[in-house]
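*Asks:* Supplied structure: run-v7.cif, mmCIF, C-alpha atoms.
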```cif
data_entry
#
loop_
_atom_site.label_atom_id
_atom_site.label_comp_id
_atom_site.auth_asym_id
_atom_site.auth_seq_id
_atom_site.Cartn_x
_atom_site.Cartn_y
_atom_site.Cartn_z
CA CYS A 40 89.50 112.82 98.85
CA THR A 41 92.00 114.54 96.60
CA LEU A 42 93.64 112.86 93.60
CA GLY A 43 96.83 112.56 95.63
CA GLY A 44 94.90 110.91 98.44
CA LEU A 45 93.30 108.45 96.02
CA LEU A 46 96.71 107.64 94.55
CA ALA A 47 98.08 106.98 98.04
CA LEU A 48 95.16 104.64 98.77
CA VAL A 49 95.69 102.76 95.49
CA ARG A 50 99.42 102.36 96.17
CA GLU A 51 98.70 101.04 99.66
CA ALA A 52 95.92 98.70 98.49
CA TRP A 53 98.11 97.18 95.77
CA GLY A 54 101.27 97.21 97.90
CA ASP A 55 103.17 99.04 95.18
CA PRO A 56 104.64 102.52 95.81
CA LEU A 57 105.55 102.89 92.12
CA ILE A 58 101.97 102.97 90.81
CA TYR A 59 101.09 106.14 88.91
CA VAL A 60 98.33 107.47 86.67
CA ALA A 61 99.05 108.10 82.99
CA VAL A 62 97.10 109.64 80.18
CA GLY A 63 97.50 108.17 76.73
CA SER A 64 97.78 110.08 73.48
CA ASP A 65 94.14 109.20 72.87
CA GLY A 66 93.08 111.03 76.05
CA TRP A 67 92.26 107.96 78.15
CA TRP A 68 93.52 107.67 81.74
CA MET A 69 94.88 104.46 83.25
CA VAL A 70 96.70 103.33 86.38
CA VAL A 71 100.04 101.65 85.67
CA THR A 72 103.21 100.57 87.42
CA PRO A 73 106.77 100.15 86.10
CA ARG A 74 106.71 96.68 87.66
CA ASP A 75 104.27 95.65 84.92
CA TYR A 76 107.04 95.65 82.30
CA ASP A 77 109.23 92.63 81.81
CA HIS A 78 112.75 92.64 80.41
CA ASP A 79 111.52 91.92 76.88
CA GLY A 80 109.43 95.09 76.78
CA GLY A 81 106.13 93.26 77.17
CA ALA A 82 103.61 94.01 79.86
CA GLU A 83 101.87 91.69 82.24
CA SER A 84 99.69 94.00 84.29
CA ARG A 85 98.72 93.26 87.87
CA VAL A 86 96.76 96.50 88.06
CA PRO A 87 93.75 96.76 85.71
CA TRP A 88 94.64 98.84 82.68
CA HIS A 89 91.06 99.83 81.96
CA ARG A 90 90.71 103.13 80.13
CA HIS A 91 88.80 105.92 81.83
CA ASP A 92 87.64 109.41 80.92
CA THR A 93 89.18 110.99 84.02
CA GLU A 94 92.14 110.48 86.32
CA ALA A 95 89.80 110.10 89.29
CA ALA A 96 87.79 107.36 87.56
CA ALA A 97 90.98 105.42 86.81
CA LEU A 98 92.07 105.63 90.44
CA VAL A 99 88.68 104.61 91.84
CA SER A 100 88.57 101.64 89.46
CA ALA A 101 92.04 100.49 90.55
CA LEU A 102 91.04 100.87 94.19
CA GLU A 103 87.88 98.85 93.68
CA ALA A 104 89.83 96.09 91.91
CA ALA A 105 92.53 95.84 94.56
CA PRO A 106 93.12 92.38 96.03
#
```
Would you put the structure from the file into structure tokens?
*Replies:*
Amino acid sequence: CTLGGLLALVREAWGDPLIYVAVGSDGWWMVVTPRDYDHDGGAESRVPWHRHDTEAAALVSALEAAP
């Protein structure tokens, strides 16, 4: 499966078309969604924000953790 295919599976599994993969300034990859942010700027994540070495690992982890 391609990275795009994995992303599509994660979005479908979580029921959230806004999910995306981001890389932090420290080089770690994580799956996030804009829906995680509240109006006060805090975050309450539904999707696991675990840090991963690769984009693929972050997507697989989010897929495995899907409800």
*Asks:* I would like the residues chosen by the PyMOL selection byres ((chain A and resi 57-60) around 9) on the shown file; could you give them as a PyMOL selection string?
*Replies:* chain A and resi 46+49-50+53+55-56+61-62+68-74+86+94+97-98
*Asks:* For those residues, write C-alpha atoms to a file as an mmCIF file, in the coordinates of the input.
*Replies:*
```
data_model
loop_
_atom_site.group_PDB
_atom_site.id
_atom_site.type_symbol
_atom_site.label_atom_id
_atom_site.label_comp_id
_atom_site.auth_asym_id
_atom_site.auth_seq_id
_atom_site.Cartn_x
_atom_site.Cartn_y
_atom_site.Cartn_z
ATOM 1 C CA LEU A 46 96.710 107.640 94.550
ATOM 2 C CA VAL A 49 95.690 102.760 95.490
ATOM 3 C CA ARG A 50 99.420 102.360 96.170
ATOM 4 C CA TRP A 53 98.110 97.180 95.770
ATOM 5 C CA ASP A 55 103.170 99.040 95.180
ATOM 6 C CA PRO A 56 104.640 102.520 95.810
ATOM 7 C CA ALA A 61 99.050 108.100 82.990
ATOM 8 C CA VAL A 62 97.100 109.640 80.180
ATOM 9 C CA TRP A 68 93.520 107.670 81.740
ATOM 10 C CA MET A 69 94.880 104.460 83.250
ATOM 11 C CA VAL A 70 96.700 103.330 86.380
ATOM 12 C CA VAL A 71 100.040 101.650 85.670
ATOM 13 C CA THR A 72 103.210 100.570 87.420
ATOM 14 C CA PRO A 73 106.770 100.150 86.100
ATOM 15 C CA ARG A 74 106.710 96.680 87.660
ATOM 16 C CA VAL A 86 96.760 96.500 88.060
ATOM 17 C CA GLU A 94 92.140 110.480 86.320
ATOM 18 C CA ALA A 97 90.980 105.420 86.810
ATOM 19 C CA LEU A 98 92.070 105.630 90.440
#
```
*Asks:* Hey, which of A:Gly63, A:Pro106, A:Leu48, A:Leu42 ends up closest to His89 (chain A)? Count all atoms listed in the file.
*Replies:*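 Closest candidate: A:Gly63.
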*Asks:* What lies within 10 Å of Ala52 (chain A) using all atoms listed in the file, ignoring chain neighbours under 6 positions off, as a PDB file with C-alpha atoms, in the coordinates of the input?
*Replies:*
```
ATOM      1  CA  LEU A  46      96.710 107.640  94.550  1.00  0.00           C
ATOM      2  CA  ALA A 101      92.040 100.490  90.550  1.00  0.00           C
ATOM      3  CA  LEU A 102      91.040 100.870  94.190  1.00  0.00           C
ATOM      4  CA  GLU A 103      87.880  98.850  93.680  1.00  0.00           C
ATOM      5  CA  ALA A 104      89.830  96.090  91.910  1.00  0.00           C
ATOM      6  CA  ALA A 105      92.530  95.840  94.560  1.00  0.00           C
ATOM      7  CA  PRO A 106      93.120  92.380  96.030  1.00  0.00           C
TER       8      PRO A 106
END
```
*Asks:* Report the distance between CA of Gly43 (chain A) and CA of Val99 (chain A) in Å, rounded to one decimal place.
*Replies:*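 We find that CA of Gly43 (chain A) and CA of Val99 (chain A) lie 12.0 Å from each other.
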